[in-house]
Amino acid sequence: MAALGIPANTIEILRKYKFNAQKKYGQNFLVDPRVLDKVVEAAQLTREDYVLEIGPGIGTLTRYLAERAGGVTAVEIDKNLIPILEETLADCHNTVVLNEDILKVDINGLVAQQNQGKPIKVVANLPYYITTPVIMALLERHVPFKSITVMVQKEVAARMQAGPGTKDYGALSLAVQYYTRPEIVAQVPPNCFIPRPNVDSAVIRLTCHEKPPVVVKDEALLFALIRAAFNQRRKTLANAVGNAPGLPYSKEETADALEKLRLSATVRGEALSLEQFAELADFLGNLY
């Protein structure tokens with residue numbers, strides 16, 4: 001099989017199958033072997049690893065993964081890409097392709113079936129329109145994973161690493177940092193893709209914590225408070241929580257809790273660290 005990381009070979013196979021990239025699926029095919037090497041190197045794959053790839057496209061990255069990992073399951077939503085993948089991955093005997101929407105797949109069941117429930121590694125050139133939903137699904141469903149190494153929009157990678165008081169800081173930052181240690185490992189310009197996206201990209205590796213960096217009594221309450229804070233980030237945290245559907249705490253109760261935690265009653269959520277959100281969750285959780 002000709003190396004798909006070379007632009008001419010990617011163009012040739014797309015023409016062969018009369019395939020046009022679909023904007024609705026965010027299809028941008030990676031055509032730079034150096035970047036492909038960086039992605040695989042960042043994932044630190046060995047034959048002991050089982051990989052879940054999301055959005056394999058024409059199989060460019062998939063072939064790299066199959067060469068280095070013990071096994072790969074590649075989940076592709078676009079049925080028009082399946083015949084291409086059947087050709088490009090014909091000699092990858094440790095690889096399974098599923099024509100599914102990753103957000104509808106029982107990923108925990110998949111891990112149980114393909115890797116006996118042992119932690120996997122996730123590697124992907126993620127379609128940008130579903131980056132956050134995919135990352136949140138992997139985290140919130142407690143999928144057993146060692147690491148997630150993904151190509152994402154540069155601004156999204158910055159949000160995952162952001163700290164309190166910055167414009168990029170938000171619910172995604174807190175969720176990612178609660179479950180993992182994020183590290184941007186490469187910057188990728190638009191000319192590394194066909195078709196070229198309108199934004200810069202970055203490769204980020206999220207390494208799973210052995211245990212969360214903060215201890216909280218009610219994880220669900222912690223993230224309900226975080227979502228409330230950033231759904232209305234211009235409001236004070238007390239107002240945002242007091243207005244949040246599904247949370248029983250009034251503005252006054254939240255303001256009182258903040259003051260008891262030595263925070264201003266008028267503070268906004270973007271000023272609180274993960275540790276402070278955990279303290280607030282524990283305090284409010286004791287009220288009812």
# chains A, B, ... in the order shown; residues from 1 in each chain; ligands from 1
call {"tool": "residues_around", "arguments": {"residues": "Cys192 of chain A", "least_positions_apart": "5", "cutoff": "12 Å", "atoms": "only C-alpha atoms", "output": "number ranges by chain"}}
result
A: 5-7, 28-36, 125, 151, 187, 197-202
call {"tool": "write_last_selection", "arguments": {"atoms": "N, CA and C atoms", "output": "PDB file, in the first residue's frame"}}
result
ATOM      1  N   GLY A   5       0.429   9.156   3.844  1.00  0.00           N
ATOM      2  CA  GLY A   5       0.827  10.435   4.417  1.00  0.00           C
ATOM      3  C   GLY A   5       1.443  11.375   3.396  1.00  0.00           C
ATOM      4  N   ILE A   6       1.611  10.896   2.165  1.00  0.00           N
ATOM      5  CA  ILE A   6       2.135  11.739   1.078  1.00  0.00           C
ATOM      6  C   ILE A   6       0.949  12.306   0.309  1.00  0.00           C
ATOM      7  N   PRO A   7       0.893  13.621   0.122  1.00  0.00           N
ATOM      8  CA  PRO A   7      -0.293  14.258  -0.484  1.00  0.00           C
ATOM      9  C   PRO A   7      -0.749  13.623  -1.795  1.00  0.00           C
ATOM     10  N   ASN A  28     -10.795  16.518   7.284  1.00  0.00           N
ATOM     11  CA  ASN A  28      -9.529  17.088   6.836  1.00  0.00           C
ATOM     12  C   ASN A  28      -8.479  16.002   6.996  1.00  0.00           C
ATOM     13  N   PHE A  29      -7.936  15.522   5.889  1.00  0.00           N
ATOM     14  CA  PHE A  29      -7.047  14.361   5.928  1.00  0.00           C
ATOM     15  C   PHE A  29      -5.594  14.795   6.114  1.00  0.00           C
ATOM     16  N   LEU A  30      -4.925  14.178   7.069  1.00  0.00           N
ATOM     17  CA  LEU A  30      -3.548  14.530   7.417  1.00  0.00           C
ATOM     18  C   LEU A  30      -2.588  14.005   6.352  1.00  0.00           C
ATOM     19  N   VAL A  31      -1.731  14.904   5.831  1.00  0.00           N
ATOM     20  CA  VAL A  31      -0.817  14.504   4.751  1.00  0.00           C
ATOM     21  C   VAL A  31       0.606  14.983   5.033  1.00  0.00           C
ATOM     22  N   ASP A  32       1.072  14.761   6.250  1.00  0.00           N
ATOM     23  CA  ASP A  32       2.440  15.126   6.609  1.00  0.00           C
ATOM     24  C   ASP A  32       3.020  14.012   7.468  1.00  0.00           C
ATOM     25  N   PRO A  33       3.908  13.191   6.910  1.00  0.00           N
ATOM     26  CA  PRO A  33       4.469  12.060   7.672  1.00  0.00           C
ATOM     27  C   PRO A  33       5.131  12.478   8.974  1.00  0.00           C
ATOM     28  N   ARG A  34       5.716  13.677   9.004  1.00  0.00           N
ATOM     29  CA  ARG A  34       6.378  14.134  10.236  1.00  0.00           C
ATOM     30  C   ARG A  34       5.364  14.315  11.358  1.00  0.00           C
ATOM     31  N   VAL A  35       4.183  14.850  11.013  1.00  0.00           N
ATOM     32  CA  VAL A  35       3.140  15.032  12.023  1.00  0.00           C
ATOM     33  C   VAL A  35       2.584  13.684  12.461  1.00  0.00           C
ATOM     34  N   LEU A  36       2.397  12.779  11.507  1.00  0.00           N
ATOM     35  CA  LEU A  36       1.929  11.433  11.846  1.00  0.00           C
ATOM     36  C   LEU A  36       2.895  10.760  12.821  1.00  0.00           C
ATOM     37  N   ASN A 125      -7.258  11.927  14.917  1.00  0.00           N
ATOM     38  CA  ASN A 125      -7.312  13.241  14.295  1.00  0.00           C
ATOM     39  C   ASN A 125      -8.789  13.612  14.366  1.00  0.00           C
ATOM     40  N   MET A 151      -5.464  15.119  17.753  1.00  0.00           N
ATOM     41  CA  MET A 151      -5.296  16.355  17.009  1.00  0.00           C
ATOM     42  C   MET A 151      -6.585  17.146  17.175  1.00  0.00           C
ATOM     43  N   GLN A 187       2.438  21.629  17.442  1.00  0.00           N
ATOM     44  CA  GLN A 187       1.595  22.590  16.738  1.00  0.00           C
ATOM     45  C   GLN A 187       1.567  22.174  15.270  1.00  0.00           C
ATOM     46  N   PRO A 197      -7.818  23.168   6.557  1.00  0.00           N
ATOM     47  CA  PRO A 197      -8.780  23.832   7.448  1.00  0.00           C
ATOM     48  C   PRO A 197      -8.464  25.325   7.558  1.00  0.00           C
ATOM     49  N   ASN A 198      -9.387  26.060   8.132  1.00  0.00           N
ATOM     50  CA  ASN A 198      -9.204  27.508   8.291  1.00  0.00           C
ATOM     51  C   ASN A 198      -8.531  27.875   9.609  1.00  0.00           C
ATOM     52  N   VAL A 199      -8.121  26.870  10.373  1.00  0.00           N
ATOM     53  CA  VAL A 199      -7.555  27.124  11.704  1.00  0.00           C
ATOM     54  C   VAL A 199      -6.274  26.323  11.887  1.00  0.00           C
ATOM     55  N   ASP A 200      -5.449  26.759  12.836  1.00  0.00           N
ATOM     56  CA  ASP A 200      -4.287  25.979  13.236  1.00  0.00           C
ATOM     57  C   ASP A 200      -4.729  24.842  14.154  1.00  0.00           C
ATOM     58  N   SER A 201      -3.932  23.803  14.188  1.00  0.00           N
ATOM     59  CA  SER A 201      -4.247  22.629  14.998  1.00  0.00           C
ATOM     60  C   SER A 201      -3.121  22.353  15.991  1.00  0.00           C
ATOM     61  N   ALA A 202      -3.389  21.462  16.924  1.00  0.00           N
ATOM     62  CA  ALA A 202      -2.377  21.045  17.888  1.00  0.00           C
ATOM     63  C   ALA A 202      -2.630  19.594  18.268  1.00  0.00           C
TER      64      ALA A 202
END
call {"tool": "residues_around", "arguments": {"residues": "segment 227-243 of chain A", "least_positions_apart": "5", "cutoff": "10 Å", "atoms": "only C-alpha atoms", "output": "ChimeraX atom specification"}}
result
/A:169-172,174-175,221-222,248-258,264-272,277
call {"tool": "atom_distance", "arguments": {"atom1": "atom CA of Leu206 of chain A", "atom2": "atom CA of Ile148 of chain A"}}
result
5.0 Å
call {"tool": "select_by_dssp", "arguments": {"residues": "segment 2-241 of chain A", "states": "helix (DSSP H, G or I)", "output": "ChimeraX atom specification"}}
result
/A:7-16,23-25,33-43,60-68,79-88,102-104,107-115,128-140,154-161,171-179,190-192,219-231,237-241
call {"tool": "write_last_selection", "arguments": {"atoms": "C-alpha atoms", "output": "compact mmCIF listing (two decimals), in the first residue's frame"}}
result
# COMPACT_ATOMS: atom_id res chain seq x y z
CA PRO A 7 -0.29 14.26 -0.48
CA ALA A 8 -0.20 12.77 -4.00
CA ASN A 9 -1.19 9.33 -2.71
CA THR A 10 -4.07 10.74 -0.67
CA ILE A 11 -5.33 12.68 -3.70
CA GLU A 12 -5.02 9.55 -5.89
CA ILE A 13 -7.16 7.35 -3.65
CA LEU A 14 -9.78 10.07 -3.10
CA ARG A 15 -10.07 10.44 -6.90
CA LYS A 16 -10.23 6.68 -7.39
CA LYS A 23 -17.90 19.61 5.79
CA LYS A 24 -20.67 18.17 7.97
CA TYR A 25 -18.20 15.53 9.19
CA PRO A 33 4.47 12.06 7.67
CA ARG A 34 6.38 14.13 10.24
CA VAL A 35 3.14 15.03 12.02
CA LEU A 36 1.93 11.43 11.85
CA ASP A 37 5.19 10.35 13.48
CA LYS A 38 4.71 12.97 16.22
CA VAL A 39 1.18 11.75 16.97
CA VAL A 40 2.25 8.12 17.24
CA GLU A 41 5.37 9.01 19.22
CA ALA A 42 3.28 11.07 21.66
CA ALA A 43 0.93 8.11 22.18
CA THR A 60 -3.63 7.23 7.05
CA LEU A 61 -3.05 7.35 10.81
CA THR A 62 -4.67 3.94 11.27
CA ARG A 63 -1.83 2.22 9.40
CA TYR A 64 0.74 3.86 11.68
CA LEU A 65 -1.22 2.71 14.73
CA ALA A 66 -1.63 -0.85 13.45
CA GLU A 67 2.14 -1.16 12.92
CA ARG A 68 2.92 -0.26 16.52
CA LYS A 79 -20.29 5.01 5.23
CA ASN A 80 -18.71 6.34 2.01
CA LEU A 81 -15.27 5.93 3.56
CA ILE A 82 -15.74 2.25 4.41
CA PRO A 83 -14.82 0.92 0.92
CA ILE A 84 -11.67 3.06 0.99
CA LEU A 85 -10.74 1.74 4.44
CA GLU A 86 -11.31 -1.84 3.25
CA GLU A 87 -8.62 -1.22 0.62
CA THR A 88 -6.14 0.85 2.62
CA ILE A 102 -18.72 7.34 18.23
CA LEU A 103 -21.13 9.30 20.43
CA LYS A 104 -23.63 6.43 20.13
CA ILE A 107 -17.30 2.47 24.40
CA ASN A 108 -17.05 0.66 27.74
CA GLY A 109 -18.65 -2.39 26.12
CA LEU A 110 -16.23 -2.11 23.22
CA VAL A 111 -13.26 -2.04 25.60
CA ALA A 112 -14.64 -5.05 27.46
CA GLN A 113 -15.05 -6.97 24.20
CA GLN A 114 -11.82 -6.00 22.42
CA ASN A 115 -9.40 -5.61 25.35
CA TYR A 128 -13.31 19.60 15.22
CA TYR A 129 -17.09 19.86 15.41
CA ILE A 130 -17.28 16.96 17.86
CA THR A 131 -14.01 17.42 19.78
CA THR A 132 -15.55 18.56 23.07
CA PRO A 133 -18.47 16.07 23.05
CA VAL A 134 -16.07 13.19 22.35
CA ILE A 135 -13.57 14.19 25.05
CA MET A 136 -16.37 14.71 27.60
CA ALA A 137 -17.96 11.36 26.69
CA LEU A 138 -14.65 9.53 27.25
CA LEU A 139 -14.16 11.26 30.60
CA GLU A 140 -17.71 11.27 31.99
CA LYS A 154 -5.32 24.90 18.57
CA GLU A 155 -7.77 27.00 20.62
CA VAL A 156 -9.40 23.87 22.06
CA ALA A 157 -6.02 22.49 23.11
CA ALA A 158 -5.34 25.81 24.86
CA ARG A 159 -8.67 25.53 26.71
CA MET A 160 -7.79 22.07 27.98
CA GLN A 161 -4.59 23.40 29.56
CA ALA A 171 -15.78 23.64 32.08
CA LEU A 172 -13.65 21.71 29.55
CA SER A 173 -10.44 22.82 31.32
CA LEU A 174 -11.70 21.62 34.68
CA ALA A 175 -13.04 18.29 33.42
CA VAL A 176 -9.86 17.49 31.51
CA GLN A 177 -7.63 18.46 34.45
CA TYR A 178 -9.74 16.52 36.97
CA TYR A 179 -9.32 13.27 35.04
CA PRO A 190 -3.26 24.10 8.01
CA ASN A 191 -1.00 23.04 5.10
CA CYS A 192 -0.59 19.60 6.71
CA GLU A 219 -18.34 14.11 41.69
CA ALA A 220 -21.70 14.65 39.95
CA LEU A 221 -22.40 17.73 42.11
CA LEU A 222 -18.91 19.08 41.42
CA PHE A 223 -19.50 19.03 37.67
CA ALA A 224 -23.07 20.31 37.98
CA LEU A 225 -21.65 23.38 39.78
CA ILE A 226 -18.93 23.79 37.16
CA ARG A 227 -21.43 23.61 34.30
CA ALA A 228 -23.68 26.12 36.05
CA ALA A 229 -20.76 28.50 36.58
CA PHE A 230 -19.69 28.51 32.94
CA ASN A 231 -23.14 28.32 31.34
CA LEU A 237 -21.14 32.30 40.74
CA ALA A 238 -23.87 32.76 43.35
CA ASN A 239 -26.31 33.97 40.68
CA ALA A 240 -25.29 31.28 38.20
CA VAL A 241 -25.82 28.48 40.74
call {"tool": "residues_around", "arguments": {"residues": "segment 91-99 of chain A", "least_positions_apart": "5", "cutoff": "7 Å", "atoms": "only C-alpha atoms", "output": "PyMOL selection string"}}
result
chain A and resi 66+70-79
call {"tool": "write_last_selection", "arguments": {"atoms": "C-alpha atoms", "output": "short mmCIF file (atom, residue, chain, number, x, y, z; two decimals), in the first residue's frame"}}
result
data_model
loop_
_atom_site.label_atom_id
_atom_site.label_comp_id
_atom_site.auth_asym_id
_atom_site.auth_seq_id
_atom_site.Cartn_x
_atom_site.Cartn_y
_atom_site.Cartn_z
CA ALA A 66 -1.63 -0.85 13.45
CA GLY A 70 -1.34 -4.82 19.53
CA GLY A 71 -4.75 -4.00 18.07
CA VAL A 72 -6.86 -1.14 16.77
CA THR A 73 -10.57 -0.42 16.56
CA ALA A 74 -11.30 2.47 14.20
CA VAL A 75 -14.77 4.06 14.40
CA GLU A 76 -15.84 5.92 11.24
CA ILE A 77 -19.25 7.61 10.87
CA ASP A 78 -19.14 8.14 7.07
CA LYS A 79 -20.29 5.01 5.23
#
call {"tool": "residues_around", "arguments": {"residues": "Cys208 of chain A", "least_positions_apart": "3", "cutoff": "7 Å", "atoms": "only C-alpha atoms", "output": "ChimeraX atom specification"}}
result
/A:145-147,179-181
call {"tool": "write_last_selection", "arguments": {"atoms": "C-alpha atoms", "output": "compact mmCIF listing (two decimals), in the first residue's frame"}}
result
# COMPACT_ATOMS: atom_id res chain seq x y z
CA PHE A 145 -7.96 4.51 29.22
CA LYS A 146 -4.27 5.16 29.78
CA SER A 147 -4.10 8.23 27.58
CA TYR A 179 -9.32 13.27 35.04
CA THR A 180 -6.00 13.77 33.22
CA ARG A 181 -2.75 15.67 32.87
call {"tool": "closest_residue", "arguments": {"among": "A:Glu53, A:Ala21, A:Gln44, A:Ala278", "to": "Pro212 of chain A", "atoms": "only C-alpha atoms"}}
result
A:Ala278
call {"tool": "closest_residue", "arguments": {"among": "A:Val105, A:Leu284, A:Val152, A:Val51", "to": "Leu126 of chain A", "atoms": "only C-alpha atoms"}}
result
A:Val152
